[in-house]
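Chemist: There's a structure below that I have some questions on.
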Amino acid sequence: MANRISAIHSIGGRLMVVCFSFLLFACGGGGGSAPSAVAAPAQLVSTAPALTLNASANSVAYNGASTISWSSTNTTSCTSSGGGGTGTSGSFGTGGLTSGNTYTVSCTGSGGTVSKNVYIGVAPPVVAGCSTTGATSAISLSNLPNRLSGVAPLSVFFDASGTTAPAATTKPFHELDYRWSFGDAAGSPVSGTTWQYGSRANVSSRNAALGPLASHVFEVPGTYAVSLTVTDGTNTVSNNCTQIVVQDPEVVYAGTKTVCFSAAANFANCPNGAARVQTSNFANAINTYAATGKRLLFSRGEVFSAASAAQILVNGPGTIGAYGVSNAAKPVFKRLSSQYDTIFSLGQNSPTVIGDWRIMDIDLDGQNIVEAYNVGIDAAGQFNQLLALRLNIHGTWRGVAASHWALPPGRAIYDGWAIVDSVMSGIPNCNSPGNFQCDWRVYIAGKNHTVQGNSMDNEDWAGSHVIRSEYLAKGIISNNYIARAGLSQHAIKLHAWKWGGGSGGNSMPGTYSEDVIISDNRIVGGINPWTVAIEPQNDGSDERVRSVIFERNLVTAGSGTQIGVNSSAAGSTFRNNIFTIGSVADHHTGILITQRGSEAIPDDVKVYNNTIYSSMAGDFVGVSVGAATNVTVKNNLGYAPASTIASPNVVSMIDGVGSAVAVVTANSSNFQIKNTSPIWASATPSVAADFKVSGSSYAVGAGAVVPVFTDFFGLTRLVPELGAVLH
C-alpha cells in the first residue's frame, strides 16, 4: 500500500478518496490487498518528430502571395513564423510580398523538436513603361534582387543566374556576359565612386559590375533604376526595369527612434530630437535600447568598453553607427581583458529568424587577447541581412563569423550578409610556429553573401586563412585586398560540408558550395605554398565545390608562394587573371586543377586568357592538371625569362595533362615562355597596367574564340588574343 498515491477531494460536501495505482497495486474504496504478482511498469518509447512543409508557390510576382502548409507526426504542437496556429498541421497565407522571405515551422513532441524552412522569392515590380529590349527570342533575362526596399544604407544582392540562352550555351552562368549599372553614379558619400581596394583599386566603379551575380550598397535615399545587359557574343538583351527604393534614415529613425550615446556627454551633431544617454558601456547601451526601427549612434572620437557582448536579439530595421564630425575618429568598442564574450553577438538559438541590421562606422578593438571568444561580430543563431559597413576590426581572434556550428540541425543557413569597405587585421604572432591559435578575418557560411571592398591582412603570422567558407552558395568575393595568410593557410579557403555528413551544426549531407564569384581582388600570397585553395580542407574529406568563376584577380607571390590557385571545383572557370608567381621558392605554378583526396574528380573546367609571370629561376608551369577530366586550356600567356630548364626543373605552359585535357589551344609555347617577350608596357611588370601587351606582341590575334567577352580591365575583346590584358 505504500506505493499508492491518494488525493482527497470535497464534492458536494462529501469527502472522496481518489487513488492512483501506477499498475503496482489495486486501489479499492476503503483499502484492498496486494495482488499475488506485481506487473512491470510500461516502457515509454519516444519517437522522433517528423515534419512536412510545403508552399503553394516558391516564387511569386511582386505583391503576390503564397500559402504555406505543414503536417507532422509524433508531435504535440507546432509554431510558425508566419502564423497559422499551434496545431500539428496547419497553413497560413503570406499576404502580398514585396521582398523575398523565409518562413520557419517548428514542431515539438516527446522525441524532440524538428524545424524546417521555406523561402518565397519575389519578382521585381513591373515598372510602368518599362520593357526588355534586344534579342528577347535568343536570351531570356532574369534578375531577382533579394530585396527591393529598405532604409539606407541598403545592401541588395542581385541574381541573374536564371538567365538562359539555349541556342548559345548550356552554361549561361559561365558563358554569357553580364553587365550591371546600379543607377547610383554618385556612389558612396563617404567612400567615393570607386573601390579603394582590389585588383583595380581606385579605378573600378562602384556603380557597375560584371557577372551573373552582383551586389551594391545604396547609401543615399531615393529610387534607383538598376539596368542589366546580357550578351552571348551575337545577341544582346537589356532592361532597366528593377527599381530599388531606399528610405531616408532621418525619417525612419525620426525623433527618439534614434538614441545617441556619449561617455563624455558630448552630443554635438546628434540628430535633432534624438534621445541622449551618457554611458561608456557599449554593450549595456545596445542591449538596453536595440529594438525594431531603432538607430543607435555612438560619439566619434570616444572609447566605449564592456565586459559582455552587445546582443541583437530583435528584428530590424535597425542601425548601429556613429555621430559627430564625419572625418573624426570612429567610436571604439573595446573588449575588456577580463571579458569572455564576443564584441557583437547576433541572434539566438531559436527558430525565430531575425535580421535587417546595419553595423557601421565603428572601430572594434579586441586588444590582441588570444582566446576563442575574442570575435568582432559573431552569429549566435539565425540572422539574415546584415550589413557590416566601414568597420575597423583588429586585435581579434576572429573578425566576422557566420558559422554553421551555431545553428542546430534543420535550421536555415544565414542569408544576405554583406561585409563591405572594412579593414581587418589579426593578432601579431598568433599563428607563429608552434603557436597556432588564431583564426580567420572572415568565416562565413550561407547564401547570397557579399565580401566586397575590404582590406584583410593576416600578416603571415596574425591569423589563419584570411577568408574561409565551409559552405557558400551564390556568393561574391570581389574588389578586396586579401593578403598574407598564416602558416600553412590560404588567402581564400572555399570548401563545403562533408558529402556523407558529419560536419556538425546545421550542415546538410550531399550539399555543394556552388555558384560563387571570386573577382577583381588583389590577392597576396604568404608563407604557405598555396595562395588560394578551392578544395576540401584536407585530403581525407569529401567536400565538393562546383560552379566557381575566378576572374580578373591580381594574384601576387608572398615569401613562400608556389601555386597561385589550387582547385578541385567542378564546372568552374578561371579567366582573365594575372599571376605574378615569382618568389624565393623554386617552384612556380599559376593554376593547379586536380583532385585533392576523397572528393569527386574535378570535371569540365575552363582555363581561359590568364597571364602568368615569374621573374625567378627554377620551375615554371602556367597551368598544371592532375587528376581531372575535360579540362579546357586556351589563350593563356606565360613569360618566365629567368626560369631554369635543366633537369629536374620544368618550363611549361601546360603540364601533367595526359588524357585529362579536352582541348589545349592557342597558349604560349614552352619556347616563348623562356625566350619571347610579350612586349608588355613594363619590362619588369608589377601592377596590372604593366601587363598591357604591345600591338606588335605575338599575343595579338593569336587566340582562339572562347566565351570571354572582356579583358582584365573590362574592355571588350574584339579579336581573340592571349592573356588577360588587351593591347
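Labels used: A, B, ... for chains in the order of the C-alpha cells, numbers from 1 for residues in each chain, and numbers from 1 for ligands as shown.
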Find the spatial neighbours of A:Val725, counting only C-alpha atoms, within a cut-off of 10 Å - ignore same-chain residues fewer than 6 positions away - and output them as a list in words.

Modeler: Arg552, Asn576, Asn577, Ile578, Asn609, Asn610, Thr611, Leu637, Trp680, Ala688, Ala689, Asp690, Phe691, Lys692, Val693, Thr710, Asp711, Phe712, Phe713, Gly714, Leu715 and Arg717 of chain A

Chemist: Please identify all polymer residues within 8 Å of A:Gly301, counting only C-alpha atoms, omitting same-chain residues fewer than 6 positions from it, and present them as an mmCIF file with N, CA, C and O atoms, in the first residue's frame.

Modeler:
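Listing of out-v1.cif after writing:
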data_model
loop_
_atom_site.group_PDB
_atom_site.id
_atom_site.type_symbol
_atom_site.label_atom_id
_atom_site.label_comp_id
_atom_site.auth_asym_id
_atom_site.auth_seq_id
_atom_site.Cartn_x
_atom_site.Cartn_y
_atom_site.Cartn_z
ATOM 1 N N ALA A 328 36.056 62.708 -38.101
ATOM 2 C CA ALA A 328 36.627 62.390 -36.796
ATOM 3 C C ALA A 328 36.782 60.880 -36.651
ATOM 4 O O ALA A 328 36.172 60.090 -37.383
ATOM 5 N N ALA A 329 37.604 60.468 -35.700
ATOM 6 C CA ALA A 329 37.860 59.043 -35.489
ATOM 7 C C ALA A 329 36.575 58.298 -35.153
ATOM 8 O O ALA A 329 35.670 58.834 -34.488
ATOM 9 N N LYS A 330 36.492 57.069 -35.612
ATOM 10 C CA LYS A 330 35.327 56.242 -35.319
ATOM 11 C C LYS A 330 35.257 55.944 -33.826
ATOM 12 O O LYS A 330 36.290 55.813 -33.156
ATOM 13 N N PRO A 331 34.048 55.813 -33.287
ATOM 14 C CA PRO A 331 33.944 55.365 -31.898
ATOM 15 C C PRO A 331 34.550 53.975 -31.753
ATOM 16 O O PRO A 331 34.409 53.129 -32.636
ATOM 17 N N VAL A 332 35.253 53.754 -30.646
ATOM 18 C CA VAL A 332 35.935 52.497 -30.403
ATOM 19 C C VAL A 332 35.119 51.654 -29.424
ATOM 20 O O VAL A 332 34.737 52.138 -28.347
#

Chemist: Report, in Å to a single decimal, how far apart atom CA of A:Trp461 and atom CA of A:Thr580 are.

Modeler: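 We find that atom CA of A:Thr580 and atom CA of A:Trp461 lie 22.3 Å from each other.
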
Chemist: Need to verify the contact set: A:Arg147, 7 Å, only C-alpha atoms, exclusion of same-chain residues closer than 5 positions in sequence. Can you return it as a list in words?

Modeler: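 The contact residues come out as Ser99, Gly100 and Val156 of chain A.
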
Chemist: If you take only C-alpha atoms and a cut-off of 10 Å, which residues of stretch 480-575 of chain A touch stretch 589-597 of chain A, and what are their nearest atom pairs and distances in Å to one decimal, in chain and number order, as a Markdown table?

Modeler:
| residue | atom | partner | partner_atom | distance |
| --- | --- | --- | --- | --- |
| A:Trp530 | CA | A:Thr589 | CA | 9.6 |
| A:Val532 | CA | A:Ile591 | CA | 9.6 |
| A:Ala533 | CA | A:Leu592 | CA | 9.7 |
| A:Ile534 | CA | A:Ile593 | CA | 9.7 |
| A:Glu535 | CA | A:Arg596 | CA | 7.0 |
| A:Pro536 | CA | A:Arg596 | CA | 7.1 |
| A:Gln537 | CA | A:Arg596 | CA | 9.2 |
| A:Asn538 | CA | A:Gly597 | CA | 7.3 |
| A:Asp539 | CA | A:Gly597 | CA | 4.0 |
| A:Gly540 | CA | A:Gly597 | CA | 5.8 |
| A:Ser541 | CA | A:Gly597 | CA | 7.0 |
| A:Asp542 | CA | A:Gly597 | CA | 7.4 |
| A:Glu543 | CA | A:Gly597 | CA | 9.5 |
| A:Val555 | CA | A:Gly590 | CA | 9.0 |
| A:Thr561 | CA | A:Thr589 | CA | 9.1 |
| A:Gln562 | CA | A:Thr589 | CA | 6.0 |
| A:Ile563 | CA | A:Thr589 | CA | 4.7 |
| A:Gly564 | CA | A:Gly590 | CA | 4.8 |
| A:Val565 | CA | A:Ile591 | CA | 5.1 |
| A:Asn566 | CA | A:Leu592 | CA | 4.8 |
| A:Ser567 | CA | A:Ile593 | CA | 5.1 |
| A:Ser568 | CA | A:Gln595 | CA | 5.2 |
| A:Ala569 | CA | A:Ile593 | CA | 8.2 |
| A:Ala570 | CA | A:Ile593 | CA | 9.6 |
| A:Phe574 | CA | A:Ile591 | CA | 8.6 |

Chemist: What lies within 12 Å of A:Asn54 using only C-alpha atoms, ignoring chain neighbours under 6 positions off, as a list in words?

Modeler: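 Contacts, with the query itself left out: Ser66, Thr67, Ile68, Ser69, Trp70, Ser71, Ser72, Ser89, Gly90, Ser91, Phe92, Gly93, Tyr103, Thr104, Val105, Lys116, Asn117, Val118, Tyr119 and Ile120 of chain A.
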
Chemist: Mind writing the picked residues with N, CA, C and O atoms as a tab-separated table (two decimals), in the first residue's frame?

Modeler:
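The result, written out as again24.tsv:
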chain	number	residue	atom	x	y	z
A	66	SER	N	1.62	33.55	-51.38
A	66	SER	CA	1.74	32.10	-51.38
A	66	SER	C	1.08	31.58	-50.11
A	66	SER	O	0.88	32.32	-49.14
A	67	THR	N	0.76	30.29	-50.11
A	67	THR	CA	0.20	29.65	-48.93
A	67	THR	C	1.18	28.60	-48.43
A	67	THR	O	1.62	27.73	-49.19
A	68	ILE	N	1.52	28.69	-47.16
A	68	ILE	CA	2.44	27.75	-46.52
A	68	ILE	C	1.60	26.74	-45.73
A	68	ILE	O	0.73	27.13	-44.95
A	69	SER	N	1.87	25.47	-45.90
A	69	SER	CA	1.14	24.44	-45.16
A	69	SER	C	2.11	23.42	-44.60
A	69	SER	O	3.19	23.21	-45.14
A	70	TRP	N	1.71	22.81	-43.49
A	70	TRP	CA	2.56	21.80	-42.88
A	70	TRP	C	1.72	20.68	-42.27
A	70	TRP	O	0.54	20.85	-41.96
A	71	SER	N	2.35	19.55	-42.15
A	71	SER	CA	1.79	18.42	-41.41
A	71	SER	C	2.92	17.73	-40.67
A	71	SER	O	4.08	17.81	-41.08
A	72	SER	N	2.59	17.08	-39.55
A	72	SER	CA	3.64	16.48	-38.74
A	72	SER	C	3.14	15.21	-38.08
A	72	SER	O	1.93	14.98	-37.96
A	89	SER	N	-0.80	20.27	-37.59
A	89	SER	CA	-0.87	20.57	-39.01
A	89	SER	C	-1.56	21.92	-39.14
A	89	SER	O	-2.27	22.36	-38.24
A	90	GLY	N	-1.32	22.58	-40.25
A	90	GLY	CA	-1.93	23.88	-40.41
A	90	GLY	C	-1.46	24.58	-41.66
A	90	GLY	O	-0.69	24.02	-42.46
A	91	SER	N	-1.88	25.81	-41.84
A	91	SER	CA	-1.48	26.59	-43.01
A	91	SER	C	-1.71	28.07	-42.71
A	91	SER	O	-2.42	28.43	-41.77
A	92	PHE	N	-1.09	28.90	-43.52
A	92	PHE	CA	-1.30	30.33	-43.42
A	92	PHE	C	-0.94	30.96	-44.76
A	92	PHE	O	-0.17	30.39	-45.54
A	93	GLY	N	-1.49	32.12	-45.02
A	93	GLY	CA	-1.16	32.86	-46.22
A	93	GLY	C	-0.10	33.90	-45.92
A	93	GLY	O	-0.08	34.49	-44.84
A	103	TYR	N	10.21	31.45	-44.23
A	103	TYR	CA	9.24	31.09	-43.21
A	103	TYR	C	9.69	29.80	-42.53
A	103	TYR	O	10.14	28.85	-43.18
A	104	THR	N	9.56	29.77	-41.21
A	104	THR	CA	10.03	28.64	-40.41
A	104	THR	C	8.87	28.03	-39.65
A	104	THR	O	8.07	28.75	-39.04
A	105	VAL	N	8.78	26.69	-39.67
A	105	VAL	CA	7.82	25.96	-38.85
A	105	VAL	C	8.62	25.01	-37.96
A	105	VAL	O	9.50	24.30	-38.43
A	116	LYS	N	11.77	23.23	-40.06
A	116	LYS	CA	12.04	23.32	-41.49
A	116	LYS	C	11.72	24.73	-41.95
A	116	LYS	O	10.95	25.46	-41.31
A	117	ASN	N	12.33	25.09	-43.09
A	117	ASN	CA	12.18	26.43	-43.63
A	117	ASN	C	11.79	26.36	-45.10
A	117	ASN	O	12.13	25.41	-45.81
A	118	VAL	N	11.09	27.37	-45.56
A	118	VAL	CA	10.80	27.51	-46.97
A	118	VAL	C	10.98	28.99	-47.34
A	118	VAL	O	10.58	29.88	-46.59
A	119	TYR	N	11.64	29.20	-48.46
A	119	TYR	CA	11.90	30.57	-48.93
A	119	TYR	C	10.98	30.88	-50.09
A	119	TYR	O	10.85	30.09	-51.03
A	120	ILE	N	10.34	32.05	-50.04
A	120	ILE	CA	9.47	32.51	-51.12
A	120	ILE	C	10.17	33.70	-51.79
A	120	ILE	O	10.39	34.73	-51.17

Chemist: Would you pick out the contacts of A:Ala186 at 10 Å or less, using only C-alpha atoms, so that residues sharing its chain but fewer than 5 positions from it are not included, and give the list as a PyMOL selection string?

Modeler: chain A and resi 192-194+206-207+219-220

Chemist: When DSSP is applied to the backbone of this structure, which of stretch 179-215 of chain A are assigned strand (DSSP E or B)? Write them out as an MDAnalysis selection string.

Modeler: chainID A and resid 179:181 188 192 194 205 208:210 213:215

Chemist: As a PyMOL selection string, please: every residue in stretch 498-681 of chain A that DSSP puts in helix (DSSP H, G or I).

Modeler: chain A and resi 670-675

Chemist: Pick out the residues sitting within 9 Å of A:Ala445, and hand them over as a list in words; count only C-alpha atoms, and ignore anything fewer than 6 positions along from it in its own chain.

Modeler: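 Neighbouring residues, sequence-local ones excluded: Ala401, Ala402, Ser403, His404, Ile413, Tyr414, Asp415, Arg468, Ser469, Glu470, Tyr471, Leu472 and Ala473 of chain A.
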